[in-house]
Amino acid sequence: MNYQNEINTNYYLARFNEILYNMSNEMMIKDTTNNITIDFIRCMIPHHMAAIYMCENLLNYTNYYPLINIADNIVKVQKYEVEYMNEIAKTTIPYMNFQKDVDSYFKKYFKIVQNMINEMRNSKTTININLDFINEMIPHHEGAIKMCQNVLKYPIDVRLRMLANNIIIQQTEGIKMLKQVQSNINKNIF
C-alpha cells in the first residue's frame, strides 16, 4: 500500500470510529416515553444518520462506481426515511404501550444494538476502503432489520409498521448487493 492510501485509510477509519461512537451513544437511550413508536423513532434516526455519514465518508475516498451507486442510494433513501419518521413522531396519536411490552421491546432492542455495535467495531479492517465500508455496513443493515423485526411485534403507528416492513425489504436487498460487490472486489474484478 502506498503512503497516500495509508493516510486515506487512516482518515477514513478515524471518521468511521467517530460515527460509530456517536451512533452508539445516541441509540443507547436511557429514558423512554412508554410509546414504542416514539422510542423506536428516537433510536432509528441516529442509526439512519450514521448510515448517511458512513456513506458520505466513503464517497470522500472511493472512485469505485458500484459502491458510489450504493452509497448514493443509501443517502437518498435514508434521508427520506428520517424525514418521514420525524413526521410520524409529530403526528402519531399519543398513547402508552403496556409496560410489559415496553420492557420486552427494550430488552431485545438493547441486545440487538449491542451486538450490532460490537460487530461494526470489530469488523475486519483491510487495506481497501471499499471492503472496509462493506464490512461495516453489512452489520449496520443487519441491525436495522433486527430492530424492525423487533418493533413489529408490538402495537405501533400503522405508518411506522409499513416503514419498518419497507426497511426490512430494502436492507435485505442492500446486504445482497453489498455481498455481491464484496465478492467482486475479492476476486479483483474492477
# chains A, B, ... in the order shown; residues from 1 in each chain; ligands from 1
>>> closest_atom_pairs(of="range 25-45 of chain A", to="range 109-121 of chain A", cutoff="10 Å", atoms="only C-alpha atoms", output="tab-separated table")
residue	atom	partner	partner_atom	distance
A:Met27	CA	A:Val113	CA	7.7
A:Met28	CA	A:Phe110	CA	7.3
A:Ile29	CA	A:Phe110	CA	9.3
A:Phe40	CA	A:Tyr109	CA	9.1
A:Cys43	CA	A:Tyr109	CA	9.6
>>> closest_residue(among="A:Asp101, A:Asp31, A:Asp132, A:Glu173", to="Met54 in chain A", atoms="only C-alpha atoms")
A:Asp132
>>> closest_atom_pairs(of="range 43-139 of chain A", to="range 20-23 of chain A", cutoff="7 Å", atoms="only C-alpha atoms", output="JSON lines")
{"residue": "A:Pro46", "atom": "CA", "partner": "A:Met23", "partner_atom": "CA", "distance": 5.7}
{"residue": "A:His47", "atom": "CA", "partner": "A:Met23", "partner_atom": "CA", "distance": 6.2}
{"residue": "A:Ala50", "atom": "CA", "partner": "A:Met23", "partner_atom": "CA", "distance": 6.0}
>>> residues_around(residues="Ile134 in chain A", least_positions_apart="4", cutoff="8 Å", atoms="only C-alpha atoms", output="PyMOL selection string")
chain A and resi 130+138+178-179+182
>>> write_last_selection(atoms="C-alpha atoms", output="CSV table (one decimal), in the first residue's frame")
chain,number,residue,atom,x,y,z
A,130,ASN,CA,-14.3,-0.2,-0.2
A,138,ILE,CA,-23.4,-5.2,6.5
A,178,LEU,CA,-23.0,-5.4,-0.7
A,179,LYS,CA,-22.1,-9.1,-0.6
A,182,GLN,CA,-17.6,-7.7,-1.8
>>> residues_around(residues="Glu56 in chain A", least_positions_apart="4", cutoff="12 Å", atoms="only C-alpha atoms", output="ChimeraX atom specification")
/A:12,15-16,19,49-52,60-62,67-76,133
>>> closest_residue(among="A:Ile38, A:Lys124, A:His140, A:Tyr65", to="Ser24 in chain A", atoms="only C-alpha atoms")
A:His140
>>> decode(residues="range 37-82 of chain A", atoms="N, CA and C atoms", output="tab-separated table (two decimals), in the first residue's frame")
chain	number	residue	atom	x	y	z
A	37	THR	N	-43.65	3.46	19.43
A	37	THR	CA	-43.49	4.17	18.16
A	37	THR	C	-42.46	5.28	18.30
A	38	ILE	N	-42.64	6.12	19.31
A	38	ILE	CA	-41.74	7.26	19.53
A	38	ILE	C	-40.34	6.76	19.90
A	39	ASP	N	-40.26	5.78	20.77
A	39	ASP	CA	-38.95	5.28	21.20
A	39	ASP	C	-38.18	4.65	20.05
A	40	PHE	N	-38.87	3.90	19.19
A	40	PHE	CA	-38.21	3.32	18.02
A	40	PHE	C	-37.65	4.43	17.13
A	41	ILE	N	-38.45	5.43	16.86
A	41	ILE	CA	-38.02	6.54	16.01
A	41	ILE	C	-36.82	7.26	16.61
A	42	ARG	N	-36.87	7.50	17.92
A	42	ARG	CA	-35.74	8.17	18.60
A	42	ARG	C	-34.44	7.39	18.45
A	43	CYS	N	-34.55	6.08	18.30
A	43	CYS	CA	-33.36	5.24	18.16
A	43	CYS	C	-32.98	4.99	16.70
A	44	MET	N	-33.98	4.90	15.83
A	44	MET	CA	-33.69	4.59	14.43
A	44	MET	C	-33.15	5.81	13.68
A	45	ILE	N	-33.53	7.00	14.06
A	45	ILE	CA	-32.99	8.18	13.38
A	45	ILE	C	-31.47	8.26	13.53
A	46	PRO	N	-30.88	8.10	14.72
A	46	PRO	CA	-29.41	8.10	14.79
A	46	PRO	C	-28.78	6.96	13.99
A	47	HIS	N	-29.48	5.83	13.91
A	47	HIS	CA	-29.00	4.70	13.12
A	47	HIS	C	-28.95	5.09	11.64
A	48	HIS	N	-30.02	5.69	11.15
A	48	HIS	CA	-30.07	6.14	9.75
A	48	HIS	C	-29.03	7.23	9.50
A	49	MET	N	-28.92	8.18	10.43
A	49	MET	CA	-27.96	9.27	10.23
A	49	MET	C	-26.53	8.71	10.18
A	50	ALA	N	-26.25	7.70	10.97
A	50	ALA	CA	-24.92	7.07	10.92
A	50	ALA	C	-24.67	6.46	9.55
A	51	ALA	N	-25.68	5.82	8.97
A	51	ALA	CA	-25.52	5.24	7.63
A	51	ALA	C	-25.23	6.35	6.61
A	52	ILE	N	-25.93	7.46	6.73
A	52	ILE	CA	-25.69	8.59	5.83
A	52	ILE	C	-24.25	9.08	5.98
A	53	TYR	N	-23.80	9.26	7.22
A	53	TYR	CA	-22.43	9.75	7.45
A	53	TYR	C	-21.39	8.73	6.98
A	54	MET	N	-21.68	7.43	7.17
A	54	MET	CA	-20.75	6.40	6.71
A	54	MET	C	-20.62	6.44	5.18
A	55	CYS	N	-21.75	6.65	4.51
A	55	CYS	CA	-21.71	6.74	3.04
A	55	CYS	C	-20.97	7.99	2.58
A	56	GLU	N	-21.23	9.11	3.23
A	56	GLU	CA	-20.52	10.34	2.87
A	56	GLU	C	-19.02	10.18	3.10
A	57	ASN	N	-18.66	9.50	4.17
A	57	ASN	CA	-17.25	9.22	4.45
A	57	ASN	C	-16.65	8.39	3.31
A	58	LEU	N	-17.33	7.33	2.91
A	58	LEU	CA	-16.85	6.51	1.81
A	58	LEU	C	-16.69	7.34	0.54
A	59	LEU	N	-17.68	8.17	0.24
A	59	LEU	CA	-17.67	8.94	-1.01
A	59	LEU	C	-16.50	9.92	-1.07
A	60	ASN	N	-15.94	10.27	0.07
A	60	ASN	CA	-14.74	11.13	0.08
A	60	ASN	C	-13.50	10.39	-0.40
A	61	TYR	N	-13.54	9.06	-0.41
A	61	TYR	CA	-12.32	8.30	-0.66
A	61	TYR	C	-12.41	7.27	-1.79
A	62	THR	N	-13.58	7.03	-2.33
A	62	THR	CA	-13.68	5.97	-3.34
A	62	THR	C	-13.98	6.54	-4.71
A	63	ASN	N	-13.57	5.81	-5.70
A	63	ASN	CA	-13.99	6.07	-7.08
A	63	ASN	C	-14.54	4.78	-7.69
A	64	TYR	N	-14.87	3.82	-6.82
A	64	TYR	CA	-15.40	2.53	-7.25
A	64	TYR	C	-16.90	2.66	-7.50
A	65	TYR	N	-17.27	2.71	-8.77
A	65	TYR	CA	-18.62	3.06	-9.20
A	65	TYR	C	-19.73	2.22	-8.54
A	66	PRO	N	-19.61	0.89	-8.46
A	66	PRO	CA	-20.70	0.14	-7.83
A	66	PRO	C	-21.00	0.59	-6.39
A	67	LEU	N	-19.96	0.93	-5.63
A	67	LEU	CA	-20.20	1.39	-4.25
A	67	LEU	C	-20.67	2.83	-4.21
A	68	ILE	N	-20.25	3.64	-5.17
A	68	ILE	CA	-20.76	5.01	-5.24
A	68	ILE	C	-22.27	4.97	-5.43
A	69	ASN	N	-22.75	4.11	-6.34
A	69	ASN	CA	-24.20	3.98	-6.56
A	69	ASN	C	-24.92	3.52	-5.29
A	70	ILE	N	-24.37	2.52	-4.63
A	70	ILE	CA	-24.99	2.01	-3.40
A	70	ILE	C	-25.02	3.09	-2.33
A	71	ALA	N	-23.91	3.78	-2.13
A	71	ALA	CA	-23.83	4.81	-1.10
A	71	ALA	C	-24.78	5.96	-1.41
A	72	ASP	N	-24.82	6.40	-2.65
A	72	ASP	CA	-25.75	7.48	-3.04
A	72	ASP	C	-27.19	7.08	-2.77
A	73	ASN	N	-27.54	5.83	-3.07
A	73	ASN	CA	-28.89	5.36	-2.84
A	73	ASN	C	-29.22	5.29	-1.35
A	74	ILE	N	-28.27	4.81	-0.55
A	74	ILE	CA	-28.49	4.76	0.91
A	74	ILE	C	-28.75	6.16	1.44
A	75	VAL	N	-27.94	7.13	1.02
A	75	VAL	CA	-28.11	8.52	1.49
A	75	VAL	C	-29.50	9.03	1.12
A	76	LYS	N	-29.89	8.84	-0.13
A	76	LYS	CA	-31.18	9.34	-0.61
A	76	LYS	C	-32.34	8.71	0.16
A	77	VAL	N	-32.34	7.38	0.25
A	77	VAL	CA	-33.45	6.67	0.90
A	77	VAL	C	-33.51	7.00	2.39
A	78	GLN	N	-32.35	7.01	3.05
A	78	GLN	CA	-32.39	7.18	4.50
A	78	GLN	C	-32.68	8.63	4.90
A	79	LYS	N	-32.30	9.60	4.08
A	79	LYS	CA	-32.71	10.98	4.36
A	79	LYS	C	-34.23	11.10	4.28
A	80	TYR	N	-34.81	10.48	3.27
A	80	TYR	CA	-36.27	10.49	3.15
A	80	TYR	C	-36.91	9.82	4.36
A	81	GLU	N	-36.38	8.66	4.76
A	81	GLU	CA	-36.96	7.93	5.88
A	81	GLU	C	-36.81	8.69	7.20
A	82	VAL	N	-35.72	9.43	7.37
A	82	VAL	CA	-35.57	10.26	8.58
A	82	VAL	C	-36.66	11.33	8.60
